file my_file.tsv (TSV, C-alpha atoms and all ligand atoms)
chain	number	residue	atom	x	y	z
A	13	MET	CA	111.77	-92.36	206.45
A	14	ALA	CA	109.26	-90.25	208.35
A	15	VAL	CA	108.55	-87.38	205.98
A	16	ALA	CA	106.84	-84.15	207.03
A	17	GLU	CA	106.31	-80.67	205.61
A	18	ALA	CA	109.50	-78.61	205.29
A	19	LEU	CA	109.98	-77.00	208.70
A	20	PHE	CA	113.61	-76.19	208.13
A	21	ALA	CA	115.12	-74.35	205.17
A	22	PRO	CA	118.31	-75.68	203.51
A	23	LYS	CA	120.34	-73.03	205.35
A	24	ASP	CA	119.07	-74.34	208.71
A	25	PHE	CA	121.08	-77.51	208.10
A	26	LYS	CA	124.38	-75.61	207.78
A	27	SER	CA	126.61	-76.02	210.80
A	28	ASP	CA	128.99	-73.32	212.05
A	29	LEU	CA	131.95	-75.27	210.62
A	30	LYS	CA	132.99	-74.11	207.15
A	31	PRO	CA	134.02	-76.91	204.74
A	32	ILE	CA	137.79	-77.09	204.29
A	33	TRP	CA	137.69	-78.92	200.96
A	34	CYS	CA	140.00	-77.66	198.17
A	35	ALA	CA	138.64	-74.98	195.83
A	36	GLY	CA	136.66	-76.69	193.07
A	37	CYS	CA	136.08	-79.94	195.00
A	38	GLY	CA	132.85	-81.61	193.87
A	39	ASP	CA	131.86	-82.28	197.47
A	40	PHE	CA	130.67	-78.64	197.84
A	41	GLY	CA	127.91	-79.25	195.26
A	42	VAL	CA	126.96	-82.53	196.92
A	43	LEU	CA	126.71	-80.86	200.35
A	44	ASN	CA	124.44	-78.11	198.97
A	45	ALA	CA	122.23	-80.73	197.32
A	46	LEU	CA	122.00	-82.60	200.62
A	47	TYR	CA	120.92	-79.44	202.52
A	48	LYS	CA	118.14	-78.95	199.95
A	49	ALA	CA	117.01	-82.58	200.11
A	50	MET	CA	116.96	-82.61	203.93
A	51	SER	CA	114.76	-79.54	203.88
A	52	ALA	CA	112.49	-80.91	201.12
A	53	CYS	CA	111.99	-84.13	203.12
A	54	GLY	CA	110.98	-82.20	206.23
A	55	LEU	CA	113.87	-83.60	208.27
A	56	ASN	CA	114.51	-82.17	211.70
A	57	PRO	CA	118.14	-81.61	212.82
A	58	GLU	CA	117.22	-82.98	216.25
A	59	THR	CA	116.10	-86.34	214.89
A	60	THR	CA	118.61	-86.77	212.08
A	61	VAL	CA	122.02	-88.48	212.21
A	62	VAL	CA	124.64	-88.17	209.48
A	63	VAL	CA	127.20	-90.99	209.67
A	64	SER	CA	130.48	-91.28	207.77
A	65	GLY	CA	133.72	-93.22	207.53
A	66	ILE	CA	137.07	-91.52	206.87
A	67	GLY	CA	138.10	-89.44	203.85
A	68	CYS	CA	137.71	-85.90	202.50
A	69	SER	CA	134.04	-86.66	201.74
A	70	SER	CA	133.59	-88.26	205.15
A	71	ARG	CA	134.21	-84.87	206.77
A	72	LEU	CA	130.68	-83.96	205.67
A	73	PRO	CA	128.82	-84.69	208.96
A	74	GLY	CA	130.76	-81.82	210.55
A	75	PHE	CA	129.20	-79.40	208.06
A	76	VAL	CA	125.61	-80.44	208.77
A	77	LYS	CA	123.60	-79.20	211.73
A	78	SER	CA	122.26	-82.53	213.02
A	79	TYR	CA	123.64	-85.39	215.07
A	80	GLY	CA	126.78	-86.78	213.46
A	81	PHE	CA	129.07	-89.78	213.73
A	82	HIS	CA	132.49	-89.54	212.09
A	83	GLY	CA	133.30	-93.23	212.22
A	84	VAL	CA	136.11	-95.54	211.18
A	85	HIS	CA	137.33	-95.97	207.60
A	86	GLY	CA	134.94	-98.32	205.77
A	87	ARG	CA	132.63	-98.94	208.73
A	88	ALA	CA	129.94	-96.33	208.22
A	89	LEU	CA	127.28	-98.83	207.11
A	90	PRO	CA	127.36	-101.08	210.21
A	91	ILE	CA	127.44	-98.02	212.47
A	92	ALA	CA	124.42	-96.55	210.68
A	93	THR	CA	122.56	-99.87	210.71
A	94	GLY	CA	123.12	-100.11	214.46
A	95	ILE	CA	121.84	-96.57	215.02
A	96	LYS	CA	118.72	-97.27	212.95
A	97	ALA	CA	118.09	-100.59	214.70
A	98	ALA	CA	118.40	-99.01	218.16
A	99	ARG	CA	116.52	-95.80	217.28
A	100	PRO	CA	114.13	-96.44	214.38
A	101	ASP	CA	112.60	-93.01	214.99
A	102	LEU	CA	115.78	-91.29	213.73
A	103	ASP	CA	116.46	-90.43	210.08
A	104	VAL	CA	119.88	-91.86	209.21
A	105	ILE	CA	121.99	-90.63	206.28
A	106	VAL	CA	125.37	-92.22	205.53
A	107	VAL	CA	128.04	-90.41	203.49
A	108	GLY	CA	131.55	-91.18	202.31
A	109	GLY	CA	133.91	-91.79	199.43
A	110	ASP	CA	134.34	-94.50	196.83
A	111	GLY	CA	137.41	-95.77	198.69
A	112	ASP	CA	135.52	-95.91	201.97
A	113	GLY	CA	132.42	-97.58	200.54
A	114	TYR	CA	133.60	-99.72	197.65
A	115	SER	CA	137.07	-100.73	198.85
A	116	ILE	CA	137.72	-101.23	202.58
A	117	GLY	CA	133.98	-101.11	203.37
A	118	ALA	CA	132.78	-103.14	200.39
A	119	GLY	CA	132.06	-106.27	202.42
A	120	HIS	CA	129.26	-104.51	204.26
A	121	PHE	CA	127.36	-103.59	201.12
A	122	PRO	CA	125.64	-106.86	200.13
A	123	HIS	CA	124.69	-107.58	203.73
A	124	CYS	CA	123.20	-104.14	204.18
A	125	ALA	CA	121.22	-104.80	200.99
A	126	ARG	CA	119.95	-108.06	202.50
A	127	ARG	CA	118.91	-106.34	205.73
A	128	ASN	CA	117.46	-103.37	203.87
A	129	PRO	CA	117.47	-100.92	206.81
A	130	ASP	CA	115.73	-97.63	206.13
A	131	ILE	CA	118.94	-95.61	205.61
A	132	THR	CA	120.28	-93.48	202.76
A	133	TYR	CA	123.86	-93.99	201.53
A	134	LEU	CA	125.40	-91.12	199.56
A	135	ILE	CA	128.79	-91.86	198.01
A	136	MET	CA	130.90	-88.99	196.70
A	137	ASN	CA	132.67	-90.79	193.89
A	138	ASN	CA	135.85	-89.00	192.76
A	139	ASN	CA	137.51	-92.16	191.40
A	140	THR	CA	140.44	-91.76	193.80
A	141	TYR	CA	141.48	-91.69	197.45
A	142	GLY	CA	141.51	-87.92	198.02
A	143	LEU	CA	142.44	-87.61	201.69
A	144	THR	CA	145.52	-89.82	201.40
A	145	LYS	CA	146.68	-87.91	198.32
A	146	GLY	CA	145.46	-89.64	195.23
A	147	GLN	CA	145.95	-93.39	195.27
A	148	VAL	CA	143.76	-95.36	192.87
A	149	SER	CA	140.37	-96.56	194.12
A	150	PRO	CA	138.02	-99.32	192.90
A	151	THR	CA	136.30	-96.80	190.59
A	152	SER	CA	139.52	-95.33	189.17
A	153	MET	CA	139.62	-95.71	185.43
A	154	VAL	CA	142.26	-97.58	183.48
A	155	PRO	CA	144.95	-96.39	182.98
A	156	MET	CA	144.88	-93.87	185.84
A	157	VAL	CA	148.38	-92.67	186.65
A	158	SER	CA	148.02	-91.33	190.15
A	159	LEU	CA	149.17	-87.76	190.68
A	160	GLY	CA	150.57	-88.55	194.11
A	161	SER	CA	151.97	-86.24	196.77
A	162	LYS	CA	154.32	-83.39	196.09
A	163	ILE	CA	157.25	-83.55	198.50
A	164	ASP	CA	160.39	-81.47	197.93
A	165	SER	CA	159.02	-80.48	194.49
A	166	LYS	CA	158.94	-84.14	193.46
A	167	ARG	CA	155.73	-86.16	192.96
A	168	TRP	CA	155.62	-89.52	194.74
A	169	LYS	CA	153.20	-91.67	192.82
A	170	THR	CA	151.67	-94.99	193.89
A	171	THR	CA	150.79	-96.14	190.35
A	172	PRO	CA	153.34	-94.38	188.11
A	173	TYR	CA	152.68	-96.80	185.20
A	174	GLY	CA	148.90	-96.62	185.53
A	175	MET	CA	146.33	-98.70	187.34
A	176	MET	CA	146.19	-102.26	186.05
A	177	GLU	CA	143.06	-103.64	187.70
A	178	ASP	CA	139.67	-103.27	186.05
A	179	SER	CA	137.32	-100.73	187.68
A	180	ILE	CA	134.08	-101.76	189.36
A	181	ASN	CA	130.61	-100.60	188.34
A	182	PRO	CA	128.93	-99.78	191.67
A	183	ILE	CA	125.49	-99.25	190.13
A	184	ALA	CA	125.46	-102.68	188.44
A	185	GLN	CA	126.77	-104.27	191.64
A	186	ALA	CA	124.08	-102.62	193.76
A	187	ILE	CA	121.37	-103.86	191.39
A	188	ALA	CA	122.85	-107.37	191.49
A	189	TRP	CA	122.69	-107.23	195.30
A	190	ASP	CA	119.11	-105.97	195.10
A	191	VAL	CA	119.75	-102.69	196.96
A	192	SER	CA	116.18	-101.41	197.05
A	193	PHE	CA	116.89	-97.92	195.59
A	194	VAL	CA	119.85	-97.26	193.26
A	195	ALA	CA	120.58	-93.90	191.67
A	196	ARG	CA	123.38	-91.83	190.24
A	197	GLY	CA	123.96	-88.07	190.50
A	198	PHE	CA	126.58	-85.49	189.58
A	199	SER	CA	127.85	-82.70	191.83
A	200	TYR	CA	127.87	-80.29	188.90
A	201	LYS	CA	124.05	-80.57	188.80
A	202	PRO	CA	123.12	-79.95	192.46
A	203	ASN	CA	119.40	-79.33	191.80
A	204	GLN	CA	119.02	-82.63	190.00
A	205	LEU	CA	121.07	-84.32	192.72
A	206	ALA	CA	118.86	-82.72	195.40
A	207	ASP	CA	115.80	-84.17	193.68
A	208	ILE	CA	117.38	-87.65	193.50
A	209	LEU	CA	118.40	-87.42	197.17
A	210	THR	CA	114.89	-86.35	198.14
A	211	GLN	CA	113.47	-89.48	196.49
A	212	ALA	CA	116.15	-91.61	198.16
A	213	ILE	CA	115.50	-90.21	201.66
A	214	LYS	CA	111.75	-90.73	201.21
A	215	HIS	CA	112.32	-94.32	200.04
A	216	LYS	CA	111.56	-96.87	202.78
A	217	GLY	CA	114.63	-99.09	202.75
A	218	PHE	CA	118.34	-99.01	201.92
A	219	SER	CA	119.20	-96.57	199.14
A	220	LEU	CA	122.48	-95.96	197.31
A	221	ILE	CA	123.20	-92.70	195.51
A	222	ASP	CA	126.56	-92.72	193.74
A	223	ALA	CA	127.31	-89.05	193.00
A	224	PHE	CA	130.21	-88.19	190.72
A	225	SER	CA	132.14	-85.58	192.69
A	226	PRO	CA	135.43	-84.71	190.98
A	227	CYS	CA	138.68	-84.20	192.89
A	228	PRO	CA	140.56	-81.48	190.97
A	229	THR	CA	143.61	-81.84	193.24
A	230	PHE	CA	144.45	-85.52	192.80
A	231	ASN	CA	142.41	-86.72	189.82
A	232	GLN	CA	142.59	-84.30	186.95
A	233	ASP	CA	141.42	-86.93	184.42
A	234	GLN	CA	137.87	-87.42	185.74
A	235	ASN	CA	137.11	-83.70	186.05
A	236	ASP	CA	133.83	-81.77	185.57
A	237	ASP	CA	134.25	-81.71	181.77
A	238	PHE	CA	134.93	-85.45	181.65
A	239	TYR	CA	131.56	-86.11	183.29
A	240	LYS	CA	129.69	-83.36	181.46
A	241	ASP	CA	130.68	-85.11	178.22
A	242	ARG	CA	129.80	-88.61	179.38
A	243	THR	CA	126.65	-88.28	181.52
A	244	TYR	CA	123.06	-88.21	180.28
A	245	ASP	CA	119.67	-88.23	182.01
A	246	VAL	CA	117.99	-91.60	182.56
A	247	PRO	CA	115.59	-91.93	179.58
A	248	GLU	CA	112.00	-90.92	180.43
A	249	ASP	CA	110.63	-94.31	179.36
A	250	HIS	CA	113.02	-96.23	181.67
A	251	ASP	CA	111.10	-98.35	184.19
A	252	PRO	CA	113.26	-98.46	187.37
A	253	THR	CA	111.15	-101.29	188.81
A	254	ASN	CA	112.29	-103.60	185.99
A	255	ARG	CA	115.50	-105.09	187.42
A	256	VAL	CA	116.74	-106.59	184.15
A	257	LYS	CA	116.26	-103.30	182.28
A	258	ALA	CA	117.93	-101.44	185.15
A	259	PHE	CA	120.93	-103.74	184.92
A	260	GLU	CA	121.08	-103.28	181.14
A	261	LEU	CA	121.09	-99.50	181.61
A	262	ALA	CA	123.79	-99.74	184.30
A	263	ILE	CA	126.21	-101.68	182.11
A	264	LYS	CA	125.68	-99.74	178.86
A	265	PRO	CA	129.16	-98.79	177.64
A	266	GLU	CA	128.12	-95.42	176.20
A	267	GLY	CA	128.24	-92.97	179.11
A	268	TYR	CA	126.72	-92.77	182.57
A	269	PRO	CA	122.96	-92.42	183.16
A	270	ILE	CA	122.01	-89.88	185.86
A	271	GLY	CA	118.79	-90.40	187.82
A	272	VAL	CA	116.95	-93.27	189.50
A	273	ILE	CA	118.07	-96.51	187.84
A	274	TYR	CA	116.49	-99.19	190.02
A	275	ARG	CA	113.98	-99.31	192.84
A	276	ARG	CA	111.68	-101.74	194.54
A	277	ASP	CA	109.30	-100.68	197.26
A	278	ASP	CA	108.14	-104.11	198.40
A	279	LYS	CA	111.34	-105.41	200.01
A	280	PRO	CA	110.99	-106.11	203.74
A	281	SER	CA	113.25	-104.05	205.96
A	282	LEU	CA	115.39	-105.19	208.88
A	283	LEU	CA	113.13	-103.29	211.26
A	284	HIS	CA	110.06	-104.99	209.87
A	285	GLU	CA	111.72	-108.38	210.42
A	286	GLN	CA	112.65	-107.36	213.97
A	287	ALA	CA	109.05	-106.39	214.70
A	288	VAL	CA	107.88	-109.77	213.37
A	289	LEU	CA	110.42	-111.59	215.58
A	290	ARG	CA	109.40	-109.58	218.63
A	291	GLU	CA	105.78	-110.49	218.01
A	292	ARG	CA	106.58	-114.18	217.44
A	293	PHE	CA	108.53	-114.45	220.70
A	294	ALA	CA	106.35	-112.08	222.73
A	295	GLY	CA	105.43	-113.46	226.10
A	296	GLN	CA	108.12	-116.19	225.98
A	297	GLY	CA	110.45	-113.91	227.86
A	298	SER	CA	113.55	-114.97	225.92
A	299	LEU	CA	114.10	-111.67	224.10
A	300	GLU	CA	113.33	-109.62	227.21
A	301	LYS	CA	115.81	-111.72	229.22
A	302	LEU	CA	118.48	-111.22	226.58
A	303	PHE	CA	117.89	-107.46	226.39
A	304	SER	CA	117.96	-107.12	230.20
A	305	LYS	CA	121.55	-108.47	230.21
A	306	PHE	CA	122.60	-105.37	228.28
A	307	ALA	CA	120.50	-102.88	230.26
B	401	LIG	C1	141.73	-98.70	208.58
B	401	LIG	C2	142.27	-97.57	207.78
B	401	LIG	N1	142.93	-97.82	206.64
B	401	LIG	C3	143.40	-96.79	205.90
B	401	LIG	C4	143.21	-95.50	206.30
B	401	LIG	C5	143.78	-94.38	205.46
B	401	LIG	N2	142.75	-93.71	204.70
B	401	LIG	C6	142.10	-92.63	205.17
B	401	LIG	S1	141.02	-91.99	204.09
B	401	LIG	C7	141.42	-93.16	202.94
B	401	LIG	C8	140.80	-93.19	201.58
B	401	LIG	C9	139.89	-92.07	201.32
B	401	LIG	O1	139.33	-92.18	200.03
B	401	LIG	P1	137.78	-92.09	199.79
B	401	LIG	O2	137.03	-92.93	200.74
B	401	LIG	O3	137.53	-92.36	198.35
B	401	LIG	O4	137.41	-90.59	200.17
B	401	LIG	P2	137.90	-89.19	199.60
B	401	LIG	O5	139.03	-88.75	200.49
B	401	LIG	O6	138.35	-89.39	198.18
B	401	LIG	O7	136.71	-88.32	199.70
B	401	LIG	C10	142.38	-94.04	203.42
B	401	LIG	C11	142.96	-95.16	202.65
B	401	LIG	C12	142.50	-95.27	207.50
B	401	LIG	N3	142.21	-94.04	207.93
B	401	LIG	N4	142.04	-96.32	208.21
B	402	LIG	S1	141.85	-83.61	197.90
B	402	LIG	FE1	140.26	-83.86	196.33
B	402	LIG	S2	138.51	-84.82	197.40
B	402	LIG	FE2	139.91	-83.95	198.95
B	402	LIG	S3	139.10	-81.89	199.37
B	402	LIG	FE3	140.71	-81.69	197.83
B	402	LIG	S4	139.58	-81.76	195.88
B	402	LIG	FE4	138.19	-82.59	197.42

call {"tool": "encode", "arguments": {"input": "my_file.tsv", "output": "structure tokens"}}
result
Amino acid sequence: MAVAEALFAPKDFKSDLKPIWCAGCGDFGVLNALYKAMSACGLNPETTVVVSGIGCSSRLPGFVKSYGFHGVHGRALPIATGIKAARPDLDVIVVGGDGDGYSIGAGHFPHCARRNPDITYLIMNNNTYGLTKGQVSPTSMVPMVSLGSKIDSKRWKTTPYGMMEDSINPIAQAIAWDVSFVARGFSYKPNQLADILTQAIKHKGFSLIDAFSPCPTFNQDQNDDFYKDRTYDVPEDHDPTNRVKAFELAIKPEGYPIGVIYRRDDKPSLLHEQAVLRERFAGQGSLEKLFSKFA
């Protein structure tokens, strides 16, 4: 992304809308980290778009002073790719939940990795579907018994005997798909998360940041303490450009590494490919003719 000196302070990215997340929701810490990273990267609210799907976390564009697109559940990535393809001058940040990104929207992930558009994807991973009241998600952990909705003082649970499917490892999957920047953060450590996000926004290509962001209302198992006990910083001698080592780190059973796990800076981006195509067909009139049909 185009990176300049910080012209706007973190507070300049706060919109007039106050977040309506529950008290203690991890998404507050993630939002504060994002304000800091946007400022550190020298982003300008007038040339930045924050895109989301649907979910508690997907409300985030409303809390950022920039252009925003509150999209359709699971479809944030294609919307963001389209925005970037049409307006490469804009800085595009995509946000959403683990349900939005890894469940209904999962099919878009590998193809976005193949196209490698210069966009940043921040997932607030609370291991549940928060907005729809606590169903299990692809990152829920066995044997999550969903808390469910309280109606007439009774709890209506969708998985009363516990989730039976295995949970996915989004970091390992992203490395397998060769997403060109893969990192993990934790809402409880917003300064560290801001630093990771700053690196991700500056990265030229598609980046995934999976940020643990606990939901104290519907998932009381994976709470702040759960992650404090199980996360550790990526070891200093880890080489994120070594894909095999990155994969090994991602699948280690003992805890969750926080930091940049994998990156490659030499992967061509969709926009680069488009520029090559334009050059190859320049003068033949075919592209111009096609574009004029949509003018
Ligand atoms: C096509 C479609 N299917 C289902 C829904 C219902 N729905 C809204 S948000 C959501 C899941 C939200 O979970 P997640 O993306 O993890 O975000 P969170 O609320 O936890 O931040 C679902 C299933 C919908 N809005 N649209
Ligand atoms: S339901 Fe969970 S994810 Fe949604 S705002 Fe409340 S704490 Fe956050």

call {"tool": "closest_residue", "arguments": {"input": "my_file.tsv", "among": "A:Cys53, A:Cys124, A:Tyr141, A:Val61", "to": "ligand LIG 401 (chain B)", "atoms": "only C-alpha atoms and all ligand atoms"}}
result
A:Tyr141

call {"tool": "residues_near_ligand", "arguments": {"input": "my_file.tsv", "ligand": "ligand LIG 401 (chain B)", "cutoff": "10 Å", "atoms": "all atoms listed in the file", "output": "PDB file with C-alpha atoms, in the coordinates of the input"}}
result
ATOM      1  CA  TRP A  33     137.690 -78.920 200.960  1.00  0.00           C
ATOM      2  CA  CYS A  37     136.080 -79.940 195.000  1.00  0.00           C
ATOM      3  CA  GLY A  38     132.850 -81.610 193.870  1.00  0.00           C
ATOM      4  CA  ASP A  39     131.860 -82.280 197.470  1.00  0.00           C
ATOM      5  CA  SER A  64     130.480 -91.280 207.770  1.00  0.00           C
ATOM      6  CA  GLY A  65     133.720 -93.220 207.530  1.00  0.00           C
ATOM      7  CA  ILE A  66     137.070 -91.520 206.870  1.00  0.00           C
ATOM      8  CA  GLY A  67     138.100 -89.440 203.850  1.00  0.00           C
ATOM      9  CA  CYS A  68     137.710 -85.900 202.500  1.00  0.00           C
ATOM     10  CA  SER A  69     134.040 -86.660 201.740  1.00  0.00           C
ATOM     11  CA  SER A  70     133.590 -88.260 205.150  1.00  0.00           C
ATOM     12  CA  ARG A  71     134.210 -84.870 206.770  1.00  0.00           C
ATOM     13  CA  LEU A  72     130.680 -83.960 205.670  1.00  0.00           C
ATOM     14  CA  GLY A  83     133.300 -93.230 212.220  1.00  0.00           C
ATOM     15  CA  VAL A  84     136.110 -95.540 211.180  1.00  0.00           C
ATOM     16  CA  HIS A  85     137.330 -95.970 207.600  1.00  0.00           C
ATOM     17  CA  GLY A  86     134.940 -98.320 205.770  1.00  0.00           C
ATOM     18  CA  ARG A  87     132.630 -98.940 208.730  1.00  0.00           C
ATOM     19  CA  VAL A 107     128.040 -90.410 203.490  1.00  0.00           C
ATOM     20  CA  GLY A 108     131.550 -91.180 202.310  1.00  0.00           C
ATOM     21  CA  GLY A 109     133.910 -91.790 199.430  1.00  0.00           C
ATOM     22  CA  ASP A 110     134.340 -94.500 196.830  1.00  0.00           C
ATOM     23  CA  GLY A 111     137.410 -95.770 198.690  1.00  0.00           C
ATOM     24  CA  ASP A 112     135.520 -95.910 201.970  1.00  0.00           C
ATOM     25  CA  GLY A 113     132.420 -97.580 200.540  1.00  0.00           C
ATOM     26  CA  TYR A 114     133.600 -99.720 197.650  1.00  0.00           C
ATOM     27  CA  SER A 115     137.070-100.730 198.850  1.00  0.00           C
ATOM     28  CA  ILE A 116     137.720-101.230 202.580  1.00  0.00           C
ATOM     29  CA  GLY A 117     133.980-101.110 203.370  1.00  0.00           C
ATOM     30  CA  ILE A 135     128.790 -91.860 198.010  1.00  0.00           C
ATOM     31  CA  MET A 136     130.900 -88.990 196.700  1.00  0.00           C
ATOM     32  CA  ASN A 137     132.670 -90.790 193.890  1.00  0.00           C
ATOM     33  CA  ASN A 138     135.850 -89.000 192.760  1.00  0.00           C
ATOM     34  CA  ASN A 139     137.510 -92.160 191.400  1.00  0.00           C
ATOM     35  CA  THR A 140     140.440 -91.760 193.800  1.00  0.00           C
ATOM     36  CA  TYR A 141     141.480 -91.690 197.450  1.00  0.00           C
ATOM     37  CA  GLY A 142     141.510 -87.920 198.020  1.00  0.00           C
ATOM     38  CA  LEU A 143     142.440 -87.610 201.690  1.00  0.00           C
ATOM     39  CA  THR A 144     145.520 -89.820 201.400  1.00  0.00           C
ATOM     40  CA  LYS A 145     146.680 -87.910 198.320  1.00  0.00           C
ATOM     41  CA  GLY A 146     145.460 -89.640 195.230  1.00  0.00           C
ATOM     42  CA  GLN A 147     145.950 -93.390 195.270  1.00  0.00           C
ATOM     43  CA  VAL A 148     143.760 -95.360 192.870  1.00  0.00           C
ATOM     44  CA  SER A 149     140.370 -96.560 194.120  1.00  0.00           C
ATOM     45  CA  PRO A 150     138.020 -99.320 192.900  1.00  0.00           C
ATOM     46  CA  THR A 151     136.300 -96.800 190.590  1.00  0.00           C
ATOM     47  CA  SER A 152     139.520 -95.330 189.170  1.00  0.00           C
ATOM     48  CA  SER A 225     132.140 -85.580 192.690  1.00  0.00           C
ATOM     49  CA  PRO A 226     135.430 -84.710 190.980  1.00  0.00           C
ATOM     50  CA  CYS A 227     138.680 -84.200 192.890  1.00  0.00           C
ATOM     51  CA  PHE A 230     144.450 -85.520 192.800  1.00  0.00           C
ATOM     52  CA  ASN A 231     142.410 -86.720 189.820  1.00  0.00           C
TER      53      ASN A 231
END

call {"tool": "residues_around", "arguments": {"input": "my_file.tsv", "residues": "Ile95 in chain A", "least_positions_apart": "3", "cutoff": "12 Å", "atoms": "all atoms listed in the file", "output": "list in words"}}
result
Thr59, Thr60, Val61, Val62, Val63, Tyr79, Gly80, Phe81, Ala88, Leu89, Pro90, Ile91, Ala92, Ala98, Arg99, Pro100, Asp101, Leu102, Asp103, Val104, Ile105, Val106, Pro129, Asp130, Ile131 and Leu283 of chain A

call {"tool": "closest_residue", "arguments": {"input": "my_file.tsv", "among": "A:Lys77, A:Thr253, A:Val42, A:Phe20", "to": "ligand LIG 402 (chain B)", "atoms": "all atoms listed in the file"}}
result
A:Val42

call {"tool": "atom_distance", "arguments": {"input": "my_file.tsv", "atom1": "CA of Pro122 in chain A", "atom2": "CA of Ala206 in chain A"}}
result
25.5 Å

call {"tool": "closest_residue", "arguments": {"input": "my_file.tsv", "among": "A:Pro73, A:Pro269, A:Gly41, A:Pro22", "to": "ligand LIG 402 (chain B)", "atoms": "only C-alpha atoms and all ligand atoms"}}
result
A:Gly41

call {"tool": "closest_residue", "arguments": {"input": "my_file.tsv", "among": "A:Pro57, A:Asn128, A:Thr229, A:His82", "to": "ligand LIG 402 (chain B)", "atoms": "all atoms listed in the file"}}
result
A:Thr229

call {"tool": "closest_residue", "arguments": {"input": "my_file.tsv", "among": "A:Phe238, A:Phe40, A:Phe198, A:Tyr274", "to": "ligand LIG 402 (chain B)", "atoms": "all atoms listed in the file"}}
result
A:Phe40

call {"tool": "atom_distance", "arguments": {"input": "my_file.tsv", "atom1": "CA of Tyr244 in chain A", "atom2": "CA of Thr210 in chain A"}}
result
19.7 Å

call {"tool": "axis_aligned_box", "arguments": {"input": "my_file.tsv", "around": "ligand LIG 402 (chain B)", "padding_each_side": "3 Å", "output": "lines of an AutoDock Vina configuration file"}}
result
center_x = 140.0
center_y = -83.3
center_z = 197.6
size_x = 9.7
size_y = 9.1
size_z = 9.5

call {"tool": "decode", "arguments": {"input": "my_file.tsv", "residues": "range 80-119 of chain A", "atoms": "C-alpha atoms", "output": "PDB file, in the first residue's frame"}}
result
ATOM      1  CA  GLY A  80     -16.805   1.970   4.406  1.00  0.00           C
ATOM      2  CA  PHE A  81     -18.709  -0.911   2.860  1.00  0.00           C
ATOM      3  CA  HIS A  82     -20.812  -3.078   5.177  1.00  0.00           C
ATOM      4  CA  GLY A  83     -21.331  -5.938   2.755  1.00  0.00           C
ATOM      5  CA  VAL A  84     -23.050  -9.302   2.694  1.00  0.00           C
ATOM      6  CA  HIS A  85     -22.228 -12.193   5.042  1.00  0.00           C
ATOM      7  CA  GLY A  86     -19.093 -13.941   3.759  1.00  0.00           C
ATOM      8  CA  ARG A  87     -18.597 -11.732   0.709  1.00  0.00           C
ATOM      9  CA  ALA A  88     -16.197  -9.096   1.998  1.00  0.00           C
ATOM     10  CA  LEU A  89     -13.194 -10.439   0.059  1.00  0.00           C
ATOM     11  CA  PRO A  90     -14.712 -10.257  -3.449  1.00  0.00           C
ATOM     12  CA  ILE A  91     -16.139  -6.809  -2.689  1.00  0.00           C
ATOM     13  CA  ALA A  92     -12.726  -5.598  -1.503  1.00  0.00           C
ATOM     14  CA  THR A  93     -10.933  -7.172  -4.473  1.00  0.00           C
ATOM     15  CA  GLY A  94     -13.327  -5.379  -6.821  1.00  0.00           C
ATOM     16  CA  ILE A  95     -12.750  -2.045  -5.087  1.00  0.00           C
ATOM     17  CA  LYS A  96      -8.976  -2.482  -5.297  1.00  0.00           C
ATOM     18  CA  ALA A  97      -9.117  -3.554  -8.946  1.00  0.00           C
ATOM     19  CA  ALA A  98     -11.259  -0.549  -9.906  1.00  0.00           C
ATOM     20  CA  ARG A  99      -9.411   1.963  -7.706  1.00  0.00           C
ATOM     21  CA  PRO A 100      -5.832   0.785  -7.101  1.00  0.00           C
ATOM     22  CA  ASP A 101      -5.063   4.180  -5.565  1.00  0.00           C
ATOM     23  CA  LEU A 102      -7.245   3.375  -2.523  1.00  0.00           C
ATOM     24  CA  ASP A 103      -6.006   1.587   0.600  1.00  0.00           C
ATOM     25  CA  VAL A 104      -8.387  -1.312   1.255  1.00  0.00           C
ATOM     26  CA  ILE A 105      -8.769  -3.000   4.651  1.00  0.00           C
ATOM     27  CA  VAL A 106     -11.172  -5.922   5.102  1.00  0.00           C
ATOM     28  CA  VAL A 107     -12.526  -6.909   8.527  1.00  0.00           C
ATOM     29  CA  GLY A 108     -14.872  -9.555   9.876  1.00  0.00           C
ATOM     30  CA  GLY A 109     -15.370 -12.609  12.025  1.00  0.00           C
ATOM     31  CA  ASP A 110     -14.227 -16.214  11.892  1.00  0.00           C
ATOM     32  CA  GLY A 111     -17.729 -17.262  10.819  1.00  0.00           C
ATOM     33  CA  ASP A 112     -17.785 -14.688   8.043  1.00  0.00           C
ATOM     34  CA  GLY A 113     -14.293 -15.450   6.752  1.00  0.00           C
ATOM     35  CA  TYR A 114     -13.683 -19.129   7.449  1.00  0.00           C
ATOM     36  CA  SER A 115     -17.201 -20.539   7.108  1.00  0.00           C
ATOM     37  CA  ILE A 116     -19.637 -18.978   4.618  1.00  0.00           C
ATOM     38  CA  GLY A 117     -16.853 -16.924   2.990  1.00  0.00           C
ATOM     39  CA  ALA A 118     -14.165 -19.609   3.044  1.00  0.00           C
ATOM     40  CA  GLY A 119     -14.395 -20.349  -0.673  1.00  0.00           C
TER      41      GLY A 119
END
